[in-house]
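Undergrad: coords_36.pdb is reproduced in full below (PDB, C-alpha atoms and all ligand atoms).
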```pdb
ATOM      1  CA  MET E  28    -140.216  85.918   2.069
ATOM      2  CA  SER E  29    -143.326  84.175   3.263
ATOM      3  CA  THR E  30    -143.669  82.487   6.610
ATOM      4  CA  ILE E  31    -145.917  79.628   5.578
ATOM      5  CA  GLY E  32    -143.555  77.049   7.052
ATOM      6  CA  THR E  33    -143.827  78.300  10.608
ATOM      7  CA  ARG E  34    -147.379  79.663  10.584
ATOM      8  CA  ALA E  35    -149.172  76.381  11.173
ATOM      9  CA  PHE E  36    -147.091  75.387  14.151
ATOM     10  CA  HIS E  37    -147.217  78.904  15.467
ATOM     11  CA  TYR E  38    -150.980  78.526  15.916
ATOM     12  CA  PHE E  39    -150.669  74.970  17.221
ATOM     13  CA  GLN E  40    -148.303  76.272  19.893
ATOM     14  CA  LYS E  41    -150.713  79.117  20.720
ATOM     15  CA  LEU E  42    -153.549  76.603  21.172
ATOM     16  CA  LYS E  43    -151.396  74.500  23.495
ATOM     17  CA  ASP E  44    -150.070  77.532  25.392
ATOM     18  CA  ALA E  45    -153.666  78.631  26.023
ATOM     19  CA  ASN E  46    -154.290  75.231  27.642
ATOM     20  CA  VAL E  47    -156.774  74.101  25.037
ATOM     21  CA  PRO E  48    -156.975  70.341  25.763
ATOM     22  CA  ILE E  49    -155.136  68.192  23.205
ATOM     23  CA  ASP E  50    -158.194  66.001  22.500
ATOM     24  CA  LEU E  51    -160.188  69.130  21.702
ATOM     25  CA  ILE E  52    -157.457  70.283  19.323
ATOM     26  CA  GLU E  53    -157.381  66.872  17.636
ATOM     27  CA  LYS E  54    -161.167  66.762  17.295
ATOM     28  CA  GLY E  55    -161.102  70.221  15.761
ATOM     29  CA  GLN E  56    -158.378  69.146  13.331
ATOM     30  CA  ASP E  57    -160.436  66.115  12.275
ATOM     31  CA  ARG E  58    -163.495  68.286  11.662
ATOM     32  CA  VAL E  59    -161.457  70.694   9.512
ATOM     33  CA  ILE E  60    -160.095  67.724   7.515
ATOM     34  CA  ASP E  61    -163.618  66.295   7.086
ATOM     35  CA  ALA E  62    -164.880  69.664   5.874
ATOM     36  CA  SER E  63    -161.987  69.921   3.426
ATOM     37  CA  LEU E  64    -162.664  66.480   1.985
ATOM     38  CA  THR E  65    -166.394  67.288   1.794
ATOM     39  CA  LEU E  66    -165.598  70.390  -0.267
ATOM     40  CA  ILE E  67    -163.581  68.348  -2.790
ATOM     41  CA  ARG E  68    -166.015  65.413  -2.793
ATOM     42  CA  GLU E  69    -169.115  67.508  -3.442
ATOM     43  CA  ARG E  70    -167.455  69.608  -6.130
ATOM     44  CA  ALA E  71    -166.139  66.439  -7.849
ATOM     45  CA  LYS E  72    -169.611  64.859  -7.671
ATOM     46  CA  LEU E  73    -171.266  67.863  -9.319
ATOM     47  CA  LYS E  74    -168.621  68.121 -12.029
ATOM     48  CA  GLY E  75    -168.877  64.366 -12.629
ATOM     49  CA  GLU E  76    -172.668  64.664 -12.960
ATOM     50  CA  LEU E  77    -172.272  67.488 -15.460
ATOM     51  CA  VAL E  78    -169.777  65.614 -17.646
ATOM     52  CA  ARG E  79    -171.863  62.423 -17.602
ATOM     53  CA  ALA E  80    -175.036  64.384 -18.425
ATOM     54  CA  LEU E  81    -173.329  66.018 -21.413
ATOM     55  CA  GLY E  82    -172.127  62.565 -22.483
ATOM     56  CA  GLY E  83    -169.443  61.307 -24.829
ATOM     57  CA  ALA E  84    -166.344  61.774 -22.696
ATOM     58  CA  LEU E  85    -164.152  58.758 -21.955
ATOM     59  CA  ALA E  86    -161.715  60.822 -19.887
ATOM     60  CA  THR E  87    -162.059  64.386 -18.612
ATOM     61  CA  THR E  88    -159.276  66.361 -16.998
ATOM     62  CA  SER E  89    -160.121  67.838 -13.614
ATOM     63  CA  LEU E  90    -157.873  70.418 -12.035
ATOM     64  CA  LEU E  91    -157.115  69.984  -8.327
ATOM     65  CA  GLY E  92    -154.966  72.619  -6.668
ATOM     66  CA  VAL E  93    -152.561  71.716  -3.863
ATOM     67  CA  PRO E  94    -151.138  75.030  -2.601
ATOM     68  CA  LEU E  95    -148.327  73.587  -0.496
ATOM     69  CA  GLY E  96    -144.863  75.145  -0.249
ATOM     70  CA  HIS E  97    -143.440  74.237   3.142
ATOM     71  CA  ASN E  98    -141.622  71.077   2.006
ATOM     72  CA  SER E  99    -139.376  73.116  -0.237
ATOM     73  CA  SER E 100    -135.732  73.262   0.829
ATOM     74  CA  PHE E 101    -135.390  76.855  -0.394
ATOM     75  CA  LEU E 102    -138.351  79.132  -1.234
ATOM     76  CA  GLN E 103    -141.992  78.500  -0.392
ATOM     77  CA  GLY E 104    -143.630  80.533  -3.175
ATOM     78  CA  PRO E 105    -145.096  77.498  -5.001
ATOM     79  CA  ALA E 106    -147.841  77.563  -2.337
ATOM     80  CA  PHE E 107    -149.235  80.574  -4.197
ATOM     81  CA  ALA E 108    -149.207  78.995  -7.670
ATOM     82  CA  PRO E 109    -152.631  77.360  -8.242
ATOM     83  CA  PRO E 110    -154.760  80.545  -8.435
ATOM     84  CA  ARG E 111    -152.119  82.226 -10.629
ATOM     85  CA  ILE E 112    -152.130  79.280 -13.045
ATOM     86  CA  ARG E 113    -155.936  79.275 -13.282
ATOM     87  CA  GLU E 114    -155.922  83.034 -13.862
ATOM     88  CA  ALA E 115    -153.430  82.578 -16.722
ATOM     89  CA  ILE E 116    -155.459  79.761 -18.294
ATOM     90  CA  TRP E 117    -158.584  81.904 -18.483
ATOM     91  CA  ASP E 118    -157.116  85.431 -18.812
ATOM     92  CA  GLY E 119    -158.547  85.969 -22.277
ATOM     93  CA  SER E 120    -155.212  86.718 -23.969
ATOM     94  CA  THR E 121    -155.456  83.468 -25.906
ATOM     95  CA  ASN E 122    -158.309  81.290 -27.115
ATOM     96  CA  SER E 123    -159.387  78.144 -25.290
ATOM     97  CA  THR E 124    -158.246  75.706 -27.984
ATOM     98  CA  THR E 125    -155.169  73.537 -27.468
ATOM     99  CA  GLU E 126    -152.544  73.056 -30.174
ATOM    100  CA  GLU E 127    -154.114  69.822 -31.393
ATOM    101  CA  GLY E 128    -157.647  71.269 -31.348
ATOM    102  CA  LYS E 129    -159.281  70.356 -28.034
ATOM    103  CA  VAL E 130    -161.601  73.033 -26.638
ATOM    104  CA  LEU E 131    -160.845  73.699 -22.962
ATOM    105  CA  SER E 132    -164.064  75.588 -22.312
ATOM    106  CA  ASP E 133    -165.929  72.317 -22.899
ATOM    107  CA  PRO E 134    -166.396  70.773 -19.421
ATOM    108  CA  ARG E 135    -166.017  67.326 -21.018
ATOM    109  CA  VAL E 136    -162.394  68.312 -21.742
ATOM    110  CA  LEU E 137    -161.498  70.350 -18.652
ATOM    111  CA  THR E 138    -163.163  70.875 -15.323
ATOM    112  CA  ASP E 139    -161.990  71.998 -11.884
ATOM    113  CA  VAL E 140    -162.728  70.885  -8.332
ATOM    114  CA  GLY E 141    -160.780  73.658  -6.628
ATOM    115  CA  ASP E 142    -157.980  73.516  -4.080
ATOM    116  CA  VAL E 143    -157.213  71.310  -1.121
ATOM    117  CA  PRO E 144    -157.209  73.997   1.622
ATOM    118  CA  VAL E 145    -153.637  73.171   2.654
ATOM    119  CA  GLN E 146    -152.885  76.335   4.598
ATOM    120  CA  GLU E 147    -156.184  76.201   6.492
ATOM    121  CA  ILE E 148    -155.507  72.585   7.483
ATOM    122  CA  ARG E 149    -151.926  73.315   8.581
ATOM    123  CA  ASP E 150    -153.105  76.394  10.419
ATOM    124  CA  CYS E 151    -154.811  74.010  12.885
ATOM    125  CA  GLY E 152    -151.498  72.269  13.577
ATOM    126  CA  VAL E 153    -152.145  69.196  11.387
ATOM    127  CA  ASP E 154    -148.852  67.386  10.724
ATOM    128  CA  ASP E 155    -147.523  66.206   7.378
ATOM    129  CA  ASP E 156    -148.403  62.514   7.842
ATOM    130  CA  LYS E 157    -152.060  63.521   8.077
ATOM    131  CA  LEU E 158    -151.795  66.275   5.475
ATOM    132  CA  MET E 159    -150.305  63.900   2.889
ATOM    133  CA  ASN E 160    -153.222  61.530   3.536
ATOM    134  CA  VAL E 161    -155.686  64.374   2.935
ATOM    135  CA  ILE E 162    -154.005  65.081  -0.417
ATOM    136  CA  SER E 163    -154.155  61.379  -1.381
ATOM    137  CA  GLU E 164    -157.817  61.159  -0.334
ATOM    138  CA  SER E 165    -158.662  64.268  -2.364
ATOM    139  CA  VAL E 166    -157.097  62.732  -5.481
ATOM    140  CA  LYS E 167    -159.099  59.543  -4.933
ATOM    141  CA  LEU E 168    -162.333  61.540  -4.566
ATOM    142  CA  VAL E 169    -161.741  63.032  -8.027
ATOM    143  CA  MET E 170    -161.001  59.585  -9.509
ATOM    144  CA  GLU E 171    -164.170  58.246  -7.891
ATOM    145  CA  GLU E 172    -166.197  60.357 -10.351
ATOM    146  CA  ASP E 173    -165.754  58.632 -13.693
ATOM    147  CA  PRO E 174    -164.621  59.937 -16.216
ATOM    148  CA  LEU E 175    -162.709  62.598 -14.198
ATOM    149  CA  ARG E 176    -158.924  62.295 -14.078
ATOM    150  CA  PRO E 177    -156.852  64.564 -11.824
ATOM    151  CA  LEU E 178    -154.410  67.158 -13.103
ATOM    152  CA  VAL E 179    -152.845  68.549  -9.951
ATOM    153  CA  LEU E 180    -151.557  72.103  -9.672
ATOM    154  CA  GLY E 181    -148.686  72.375  -7.191
ATOM    155  CA  GLY E 182    -147.332  73.312  -4.924
ATOM    156  CA  ASP E 183    -143.768  72.204  -4.443
ATOM    157  CA  HIS E 184    -142.719  68.787  -5.726
ATOM    158  CA  SER E 185    -143.433  67.015  -2.416
ATOM    159  CA  ILE E 186    -147.072  66.731  -3.509
ATOM    160  CA  SER E 187    -146.238  64.195  -6.244
ATOM    161  CA  PHE E 188    -145.743  61.461  -3.628
ATOM    162  CA  PRO E 189    -149.268  61.534  -2.126
ATOM    163  CA  VAL E 190    -150.761  62.069  -5.593
ATOM    164  CA  VAL E 191    -148.986  59.146  -7.313
ATOM    165  CA  ARG E 192    -149.674  56.966  -4.258
ATOM    166  CA  ALA E 193    -153.386  57.721  -4.555
ATOM    167  CA  VAL E 194    -153.468  57.097  -8.308
ATOM    168  CA  SER E 195    -151.703  53.743  -7.932
ATOM    169  CA  GLU E 196    -153.830  52.658  -4.967
ATOM    170  CA  LYS E 197    -157.030  53.675  -6.706
ATOM    171  CA  LEU E 198    -156.134  51.883  -9.953
ATOM    172  CA  GLY E 199    -154.838  48.827  -8.082
ATOM    173  CA  GLY E 200    -151.258  48.684  -9.318
ATOM    174  CA  PRO E 201    -148.203  50.672 -10.353
ATOM    175  CA  VAL E 202    -148.099  53.213 -13.171
ATOM    176  CA  ASP E 203    -145.262  54.312 -15.436
ATOM    177  CA  VAL E 204    -144.061  57.808 -14.549
ATOM    178  CA  LEU E 205    -142.641  60.380 -16.942
ATOM    179  CA  HIS E 206    -140.921  62.997 -14.794
ATOM    180  CA  LEU E 207    -139.644  66.217 -16.386
ATOM    181  CA  ASP E 208    -137.304  68.106 -14.051
ATOM    182  CA  ALA E 209    -133.861  69.669 -13.678
ATOM    183  CA  HIS E 210    -133.485  67.529 -10.540
ATOM    184  CA  PRO E 211    -134.118  63.841  -9.807
ATOM    185  CA  ASP E 212    -135.819  64.590  -6.416
ATOM    186  CA  ILE E 213    -134.776  61.193  -5.142
ATOM    187  CA  TYR E 214    -132.715  61.930  -2.003
ATOM    188  CA  HIS E 215    -133.580  59.487   0.760
ATOM    189  CA  ALA E 216    -134.598  62.349   3.100
ATOM    190  CA  PHE E 217    -133.319  65.764   2.085
ATOM    191  CA  GLU E 218    -132.162  67.752   5.137
ATOM    192  CA  GLY E 219    -133.825  65.096   7.269
ATOM    193  CA  ASN E 220    -137.292  65.626   5.772
ATOM    194  CA  LYS E 221    -138.780  62.440   4.303
ATOM    195  CA  TYR E 222    -141.503  64.585   2.692
ATOM    196  CA  SER E 223    -139.009  67.054   1.172
ATOM    197  CA  HIS E 224    -139.671  68.189  -2.382
ATOM    198  CA  ALA E 225    -136.250  66.686  -3.129
ATOM    199  CA  SER E 226    -137.305  63.237  -1.868
ATOM    200  CA  SER E 227    -140.733  62.630  -3.412
ATOM    201  CA  PHE E 228    -139.529  60.116  -5.991
ATOM    202  CA  ALA E 229    -137.699  58.076  -3.330
ATOM    203  CA  ARG E 230    -141.052  57.682  -1.555
ATOM    204  CA  ILE E 231    -142.820  56.816  -4.829
ATOM    205  CA  MET E 232    -140.263  54.115  -5.722
ATOM    206  CA  GLU E 233    -140.112  52.669  -2.187
ATOM    207  CA  GLY E 234    -143.896  52.395  -2.167
ATOM    208  CA  GLY E 235    -143.919  50.436  -5.428
ATOM    209  CA  TYR E 236    -146.280  53.004  -6.974
ATOM    210  CA  ALA E 237    -144.243  53.266 -10.196
ATOM    211  CA  ARG E 238    -142.899  50.485 -12.384
ATOM    212  CA  ARG E 239    -140.820  52.590 -14.752
ATOM    213  CA  LEU E 240    -139.635  56.066 -13.791
ATOM    214  CA  LEU E 241    -138.179  58.112 -16.631
ATOM    215  CA  GLN E 242    -136.519  61.370 -15.585
ATOM    216  CA  VAL E 243    -135.954  63.882 -18.385
ATOM    217  CA  GLY E 244    -134.245  67.282 -18.258
ATOM    218  CA  ILE E 245    -131.845  66.362 -15.440
ATOM    219  CA  ARG E 246    -128.871  68.717 -15.040
ATOM    220  CA  SER E 247    -128.458  69.137 -11.289
ATOM    221  CA  ILE E 248    -127.704  65.755  -9.805
ATOM    222  CA  THR E 249    -125.408  64.683  -6.974
ATOM    223  CA  SER E 250    -123.744  61.321  -6.418
ATOM    224  CA  GLU E 251    -126.615  60.400  -4.064
ATOM    225  CA  GLY E 252    -129.060  61.238  -6.861
ATOM    226  CA  ARG E 253    -127.240  58.865  -9.192
ATOM    227  CA  GLU E 254    -126.893  56.105  -6.581
ATOM    228  CA  GLN E 255    -130.563  56.312  -5.605
ATOM    229  CA  GLY E 256    -131.455  56.293  -9.306
ATOM    230  CA  LYS E 257    -129.468  53.079  -9.783
ATOM    231  CA  LYS E 258    -130.922  51.512  -6.643
ATOM    232  CA  PHE E 259    -134.496  52.076  -7.842
ATOM    233  CA  GLY E 260    -133.819  51.310 -11.534
ATOM    234  CA  VAL E 261    -134.679  54.853 -12.611
ATOM    235  CA  GLU E 262    -134.060  55.776 -16.270
ATOM    236  CA  GLN E 263    -132.281  59.127 -15.928
ATOM    237  CA  TYR E 264    -131.908  61.207 -19.126
ATOM    238  CA  GLU E 265    -129.534  64.085 -18.523
ATOM    239  CA  MET E 266    -129.509  67.338 -20.470
ATOM    240  CA  ARG E 267    -125.826  66.921 -21.370
ATOM    241  CA  THR E 268    -126.849  64.055 -23.676
ATOM    242  CA  PHE E 269    -130.254  65.417 -24.728
ATOM    243  CA  SER E 270    -129.286  65.956 -28.365
ATOM    244  CA  ARG E 271    -128.378  62.249 -28.535
ATOM    245  CA  ASP E 272    -131.517  61.116 -26.637
ATOM    246  CA  ARG E 273    -133.929  63.495 -28.348
ATOM    247  CA  SER E 274    -135.369  61.178 -31.000
ATOM    248  CA  PHE E 275    -135.937  58.437 -28.395
ATOM    249  CA  LEU E 276    -137.617  60.839 -25.947
ATOM    250  CA  GLU E 277    -139.810  62.304 -28.665
ATOM    251  CA  ASN E 278    -141.113  58.841 -29.562
ATOM    252  CA  LEU E 279    -141.907  57.363 -26.169
ATOM    253  CA  LYS E 280    -144.426  54.623 -25.671
ATOM    254  CA  LEU E 281    -145.232  54.017 -22.001
ATOM    255  CA  GLY E 282    -147.694  52.202 -19.800
ATOM    256  CA  GLU E 283    -148.016  48.819 -21.466
ATOM    257  CA  GLY E 284    -148.746  46.156 -18.872
ATOM    258  CA  VAL E 285    -149.413  48.661 -16.074
ATOM    259  CA  LYS E 286    -152.416  50.714 -14.999
ATOM    260  CA  GLY E 287    -151.494  53.784 -17.033
ATOM    261  CA  VAL E 288    -149.054  56.655 -17.202
ATOM    262  CA  TYR E 289    -148.501  59.553 -14.804
ATOM    263  CA  ILE E 290    -146.741  62.728 -15.945
ATOM    264  CA  SER E 291    -145.035  65.010 -13.428
ATOM    265  CA  VAL E 292    -143.788  68.316 -14.795
ATOM    266  CA  ASP E 293    -141.515  70.449 -12.640
ATOM    267  CA  VAL E 294    -141.518  73.837 -14.367
ATOM    268  CA  ASP E 295    -137.739  74.003 -13.791
ATOM    269  CA  CYS E 296    -137.260  71.261 -16.401
ATOM    270  CA  LEU E 297    -137.446  74.241 -18.755
ATOM    271  CA  ASP E 298    -134.471  76.471 -19.302
ATOM    272  CA  PRO E 299    -134.843  79.612 -17.126
ATOM    273  CA  ALA E 300    -134.927  81.598 -20.377
ATOM    274  CA  PHE E 301    -138.407  80.124 -20.879
ATOM    275  CA  ALA E 302    -139.504  79.915 -17.243
ATOM    276  CA  PRO E 303    -137.705  82.268 -14.839
ATOM    277  CA  GLY E 304    -140.392  81.981 -12.144
ATOM    278  CA  VAL E 305    -139.048  78.943 -10.321
ATOM    279  CA  SER E 306    -137.270  78.560  -6.993
ATOM    280  CA  HIS E 307    -134.235  76.732  -8.371
ATOM    281  CA  ILE E 308    -132.889  78.488 -11.463
ATOM    282  CA  GLU E 309    -130.814  75.939 -13.353
ATOM    283  CA  PRO E 310    -129.527  76.970 -16.785
ATOM    284  CA  GLY E 311    -129.124  74.516 -19.641
ATOM    285  CA  GLY E 312    -132.646  73.130 -19.724
ATOM    286  CA  LEU E 313    -135.311  72.079 -22.193
ATOM    287  CA  SER E 314    -137.030  74.524 -24.495
ATOM    288  CA  PHE E 315    -140.807  74.827 -24.255
ATOM    289  CA  ARG E 316    -141.090  73.202 -27.671
ATOM    290  CA  ASP E 317    -138.868  70.280 -26.557
ATOM    291  CA  VAL E 318    -141.356  69.605 -23.757
ATOM    292  CA  LEU E 319    -144.371  69.889 -26.054
ATOM    293  CA  ASN E 320    -142.755  67.558 -28.606
ATOM    294  CA  ILE E 321    -142.219  64.948 -25.890
ATOM    295  CA  LEU E 322    -145.799  65.327 -24.578
ATOM    296  CA  HIS E 323    -147.565  65.524 -27.964
ATOM    297  CA  ASN E 324    -145.775  62.468 -29.357
ATOM    298  CA  LEU E 325    -146.017  60.345 -26.215
ATOM    299  CA  GLN E 326    -148.082  57.219 -26.808
ATOM    300  CA  ALA E 327    -149.746  56.549 -23.474
ATOM    301  CA  ASP E 328    -152.991  56.391 -21.551
ATOM    302  CA  VAL E 329    -152.305  59.307 -19.206
ATOM    303  CA  VAL E 330    -154.308  58.685 -16.023
ATOM    304  CA  ALA E 331    -153.162  61.738 -14.040
ATOM    305  CA  ALA E 332    -150.511  64.450 -14.005
ATOM    306  CA  ASP E 333    -149.090  67.354 -12.068
ATOM    307  CA  VAL E 334    -147.443  70.698 -12.790
ATOM    308  CA  VAL E 335    -145.318  71.778  -9.833
ATOM    309  CA  GLU E 336    -142.695  74.243  -8.603
ATOM    310  CA  PHE E 337    -143.981  77.361 -10.374
ATOM    311  CA  ASN E 338    -143.053  80.133  -7.944
ATOM    312  CA  PRO E 339    -145.091  83.328  -8.549
ATOM    313  CA  GLN E 340    -142.806  85.233  -6.152
ATOM    314  CA  ARG E 341    -139.964  84.794  -8.664
ATOM    315  CA  ASP E 342    -141.974  85.464 -11.816
ATOM    316  CA  THR E 343    -141.528  88.439 -14.156
ATOM    317  CA  VAL E 344    -143.844  91.405 -13.541
ATOM    318  CA  ASP E 345    -145.981  90.415 -16.539
ATOM    319  CA  GLY E 346    -146.394  86.858 -15.241
ATOM    320  CA  MET E 347    -144.569  85.079 -18.046
ATOM    321  CA  THR E 348    -143.982  81.862 -16.096
ATOM    322  CA  ALA E 349    -147.638  81.767 -15.059
ATOM    323  CA  MET E 350    -148.491  81.647 -18.787
ATOM    324  CA  VAL E 351    -145.863  78.930 -19.312
ATOM    325  CA  ALA E 352    -147.284  76.839 -16.452
ATOM    326  CA  ALA E 353    -150.802  77.474 -17.775
ATOM    327  CA  LYS E 354    -149.871  76.260 -21.239
ATOM    328  CA  LEU E 355    -148.290  73.128 -19.765
ATOM    329  CA  VAL E 356    -151.574  72.538 -17.940
ATOM    330  CA  ARG E 357    -153.620  73.180 -21.110
ATOM    331  CA  GLU E 358    -151.590  70.774 -23.238
ATOM    332  CA  LEU E 359    -151.555  68.136 -20.474
ATOM    333  CA  ALA E 360    -155.328  68.482 -20.173
ATOM    334  CA  ALA E 361    -155.585  67.770 -23.900
ATOM    335  CA  LYS E 362    -153.342  64.722 -23.460
ATOM    336  CA  ILE E 363    -155.451  63.301 -20.617
ATOM    337  CA  SER E 364    -158.924  64.013 -22.008
ATOM    338  CA  LYS E 365    -160.513  61.563 -24.451
ATOM    339  CA  ASN E 366    -163.838  61.325 -26.234
TER     340      ASN E 366
HETATM  341 MN    MN E 401    -136.767  70.660  -9.998
END
```
Please express what this file holds, its structure, as structure tokens.

TA:
Amino acid sequence: MSTIGTRAFHYFQKLKDANVPIDLIEKGQDRVIDASLTLIRERAKLKGELVRALGGALATTSLLGVPLGHNSSFLQGPAFAPPRIREAIWDGSTNSTTEEGKVLSDPRVLTDVGDVPVQEIRDCGVDDDKLMNVISESVKLVMEEDPLRPLVLGGDHSISFPVVRAVSEKLGGPVDVLHLDAHPDIYHAFEGNKYSHASSFARIMEGGYARRLLQVGIRSITSEGREQGKKFGVEQYEMRTFSRDRSFLENLKLGEGVKGVYISVDVDCLDPAFAPGVSHIEPGGLSFRDVLNILHNLQADVVAADVVEFNPQRDTVDGMTAMVAAKLVRELAAKISKN
């Protein structure tokens, strides 16, 4: 078990115990945040320059890692996911072409601006209000560099709130959200944490960042999950009726009249037979092909996406779920990129 959750505050306490003045701590935190944003900004600028110099891309997917696990209610392993997903994308066991023929080694299709240094920021005692703002700002810095569009590697599902907020704010209006998950993640504040990975979609709906929210793959939902879904007008498609809903879900058209479509994929939307490396194993889920059919057939201008909740600490020894998460990322990249 990792100790990510307590590490940051451990050091904050040590700084305070050593009588380091609070204004000095806060100044140091601000400098670390500035440096973090500079890292993302400069990498996004260079990648943007490259794609524009090559020419011909209307939309290019840019990976942005957010290695955050402390807002999970159970295991914190998703903090270790982004480097494992990248490794699986480029491990050489498969070619770099997606199912519908896009070439991922072409920087006009896929590029990467690296990770938000979440642990380094928290290590200085930065709280979640500030940290969530850093994540939102990082997403906006990627979107600043036309034609880059962010594909965020989680991290636990709490990261979807600052990411969707940034996308909506940057585009100037709500988006439609397609959310694939075993869980609706819409508790008001799970275990008292408003930033919990089980509450991200409550924050998104409260903020008005999504017009339509379609949740697909749901099979672990409480009465609060259903009530919150009703309150926010969420379209919840549960696995128990998937065979009935299948043809509708495989022919979705989203995003008309809004700024675009956001796709959030929690790896646990898949049946654990396909993806055992998740924190919350919930049998009775989607097959990998079900997910691809939904994504491939979706008619939408996908402006950004995330793949979250892959937990390398629960994966098989040969890293099967890393490959599954990587393929989700590859196919989403193909969906986002346009020439
Ligand atoms: Mn989930």

Undergrad: For Leu42 (chain E), work out the shell of residues within 12 Å, counting only C-alpha atoms and skipping chain neighbours fewer than 3 positions away, then give it as a list in words.

TA: Ala35, Phe36, His37, Tyr38, Phe39, Ala45, Asn46, Val47, Pro48, Ile49, Asp50, Leu51, Ile52, Glu53, Gly55, Gln56, Asp150, Cys151 and Gly152 of chain E

Undergrad: Residues within 7 Å of ligand MN 401 (chain E) should be enumerated using only C-alpha atoms and all ligand atoms and returned as a list in words.

TA: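 Residues satisfying the distance criterion: Asp208, Ala209, His210, Asp293, Asp295, Cys296 and His307 of chain E.
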
Undergrad: Mind writing the picked residues with C-alpha atoms as a PDB file, in the frame of the given file?

TA:
```pdb
ATOM      1  CA  ASP E 208    -137.304  68.106 -14.051  1.00  0.00           C
ATOM      2  CA  ALA E 209    -133.861  69.669 -13.678  1.00  0.00           C
ATOM      3  CA  HIS E 210    -133.485  67.529 -10.540  1.00  0.00           C
ATOM      4  CA  ASP E 293    -141.515  70.449 -12.640  1.00  0.00           C
ATOM      5  CA  ASP E 295    -137.739  74.003 -13.791  1.00  0.00           C
ATOM      6  CA  CYS E 296    -137.260  71.261 -16.401  1.00  0.00           C
ATOM      7  CA  HIS E 307    -134.235  76.732  -8.371  1.00  0.00           C
TER       8      HIS E 307
END
```

Undergrad: Mind checking which residues fall within 10 Å of Phe269 (chain E), counting all atoms listed in the file, ignoring those fewer than 5 positions away in the same chain, and posting them as a PDB file with C-alpha atoms, in the frame of the given file?

TA:
```pdb
ATOM      1  CA  VAL E 243    -135.954  63.882 -18.385  1.00  0.00           C
ATOM      2  CA  GLY E 244    -134.245  67.282 -18.258  1.00  0.00           C
ATOM      3  CA  ILE E 245    -131.845  66.362 -15.440  1.00  0.00           C
ATOM      4  CA  TYR E 264    -131.908  61.207 -19.126  1.00  0.00           C
ATOM      5  CA  SER E 274    -135.369  61.178 -31.000  1.00  0.00           C
ATOM      6  CA  PHE E 275    -135.937  58.437 -28.395  1.00  0.00           C
ATOM      7  CA  LEU E 276    -137.617  60.839 -25.947  1.00  0.00           C
ATOM      8  CA  GLY E 312    -132.646  73.130 -19.724  1.00  0.00           C
ATOM      9  CA  LEU E 313    -135.311  72.079 -22.193  1.00  0.00           C
TER      10      LEU E 313
END
```

Undergrad: Using only C-alpha atoms, find the one residue out of E:Gly284, E:Pro303, E:Gly311, E:Pro110 that sits nearest to Asp328 (chain E).

TA: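 Result for the nearest residue to Asp328 (chain E): E:Gly284.
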
Undergrad: Mind telling me what the PyMOL selection byres (((chain E and resi 122-134) around 10) and not hetatm) catches here, as a ChimeraX atom specification?

TA: /E:74-75,77-78,81,84,87-89,116-121,135-139,319,323,354,357-362,364-365

Undergrad: Restricting the calculation to all atoms listed in the file: of E:Gly260, E:Pro105, E:Pro299, E:Gly82, which residue gets closest to Ile186 (chain E)?

TA: E:Pro105

Undergrad: Mind giving me the straight-line distance from CA of Val204 (chain E) to CA of Pro310 (chain E) in Å, one decimal?

TA: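 So the two atoms, CA of Val204 (chain E) and CA of Pro310 (chain E), lie 24.2 Å apart.
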
Undergrad: Using all atoms listed in the file, which residues sit within 7 Å of Val261 (chain E) once same-chain residues fewer than 6 positions away are excluded, as an MDAnalysis selection string?

TA: chainID E and resid 239:241

Undergrad: Set the distance at 8 Å and use all atoms listed in the file: which residues neighbour Asn324 (chain E) once local chain neighbours fewer than 4 positions away are removed? I'd like the list as a list in words.

TA: Glu277, Asn278, Leu279 and Asn320 of chain E

Undergrad: Export, as a PDB file, in the frame of the given file, the selected residues with C-alpha atoms.

TA:
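So the final result, stored in part-v6.pdb, reads:
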```
ATOM      1  CA  GLU E 277    -139.810  62.304 -28.665  1.00  0.00           C
ATOM      2  CA  ASN E 278    -141.113  58.841 -29.562  1.00  0.00           C
ATOM      3  CA  LEU E 279    -141.907  57.363 -26.169  1.00  0.00           C
ATOM      4  CA  ASN E 320    -142.755  67.558 -28.606  1.00  0.00           C
TER       5      ASN E 320
END
```

Undergrad: At a cut-off of 10 Å around the point (-130.4, 65.5, -0.8) (file coordinates), what residues fall inside when counting all atoms listed in the file? I'd like the answer as a list in words.

TA: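 Result, sorted by chain then residue number: Ser100, Pro211, Asp212, Ile213, Tyr214, His215, Ala216, Phe217, Glu218, Gly219, Asn220, Ser223, His224, Ala225, Ser226, Ile248, Thr249, Ser250, Glu251 and Gly252 of chain E.
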
Undergrad: Run the PyMOL selection byres (((chain E and resi 329) around 9) and not hetatm) mentally over the shown coordinates, then write out the matched residues as an MDAnalysis selection string, using the chain letters and numbers from the document.

TA: chainID E and resid 176 282 287:290 326:328 330:332 359 362:364

Undergrad: Do a neighbour search on Val145 (chain E) at 10 Å with only C-alpha atoms, toss out local chain neighbours closer than 6 positions, and write the hits as a ChimeraX atom specification.

TA: /E:60,63,92-96,106,153,158-159,161-162,182
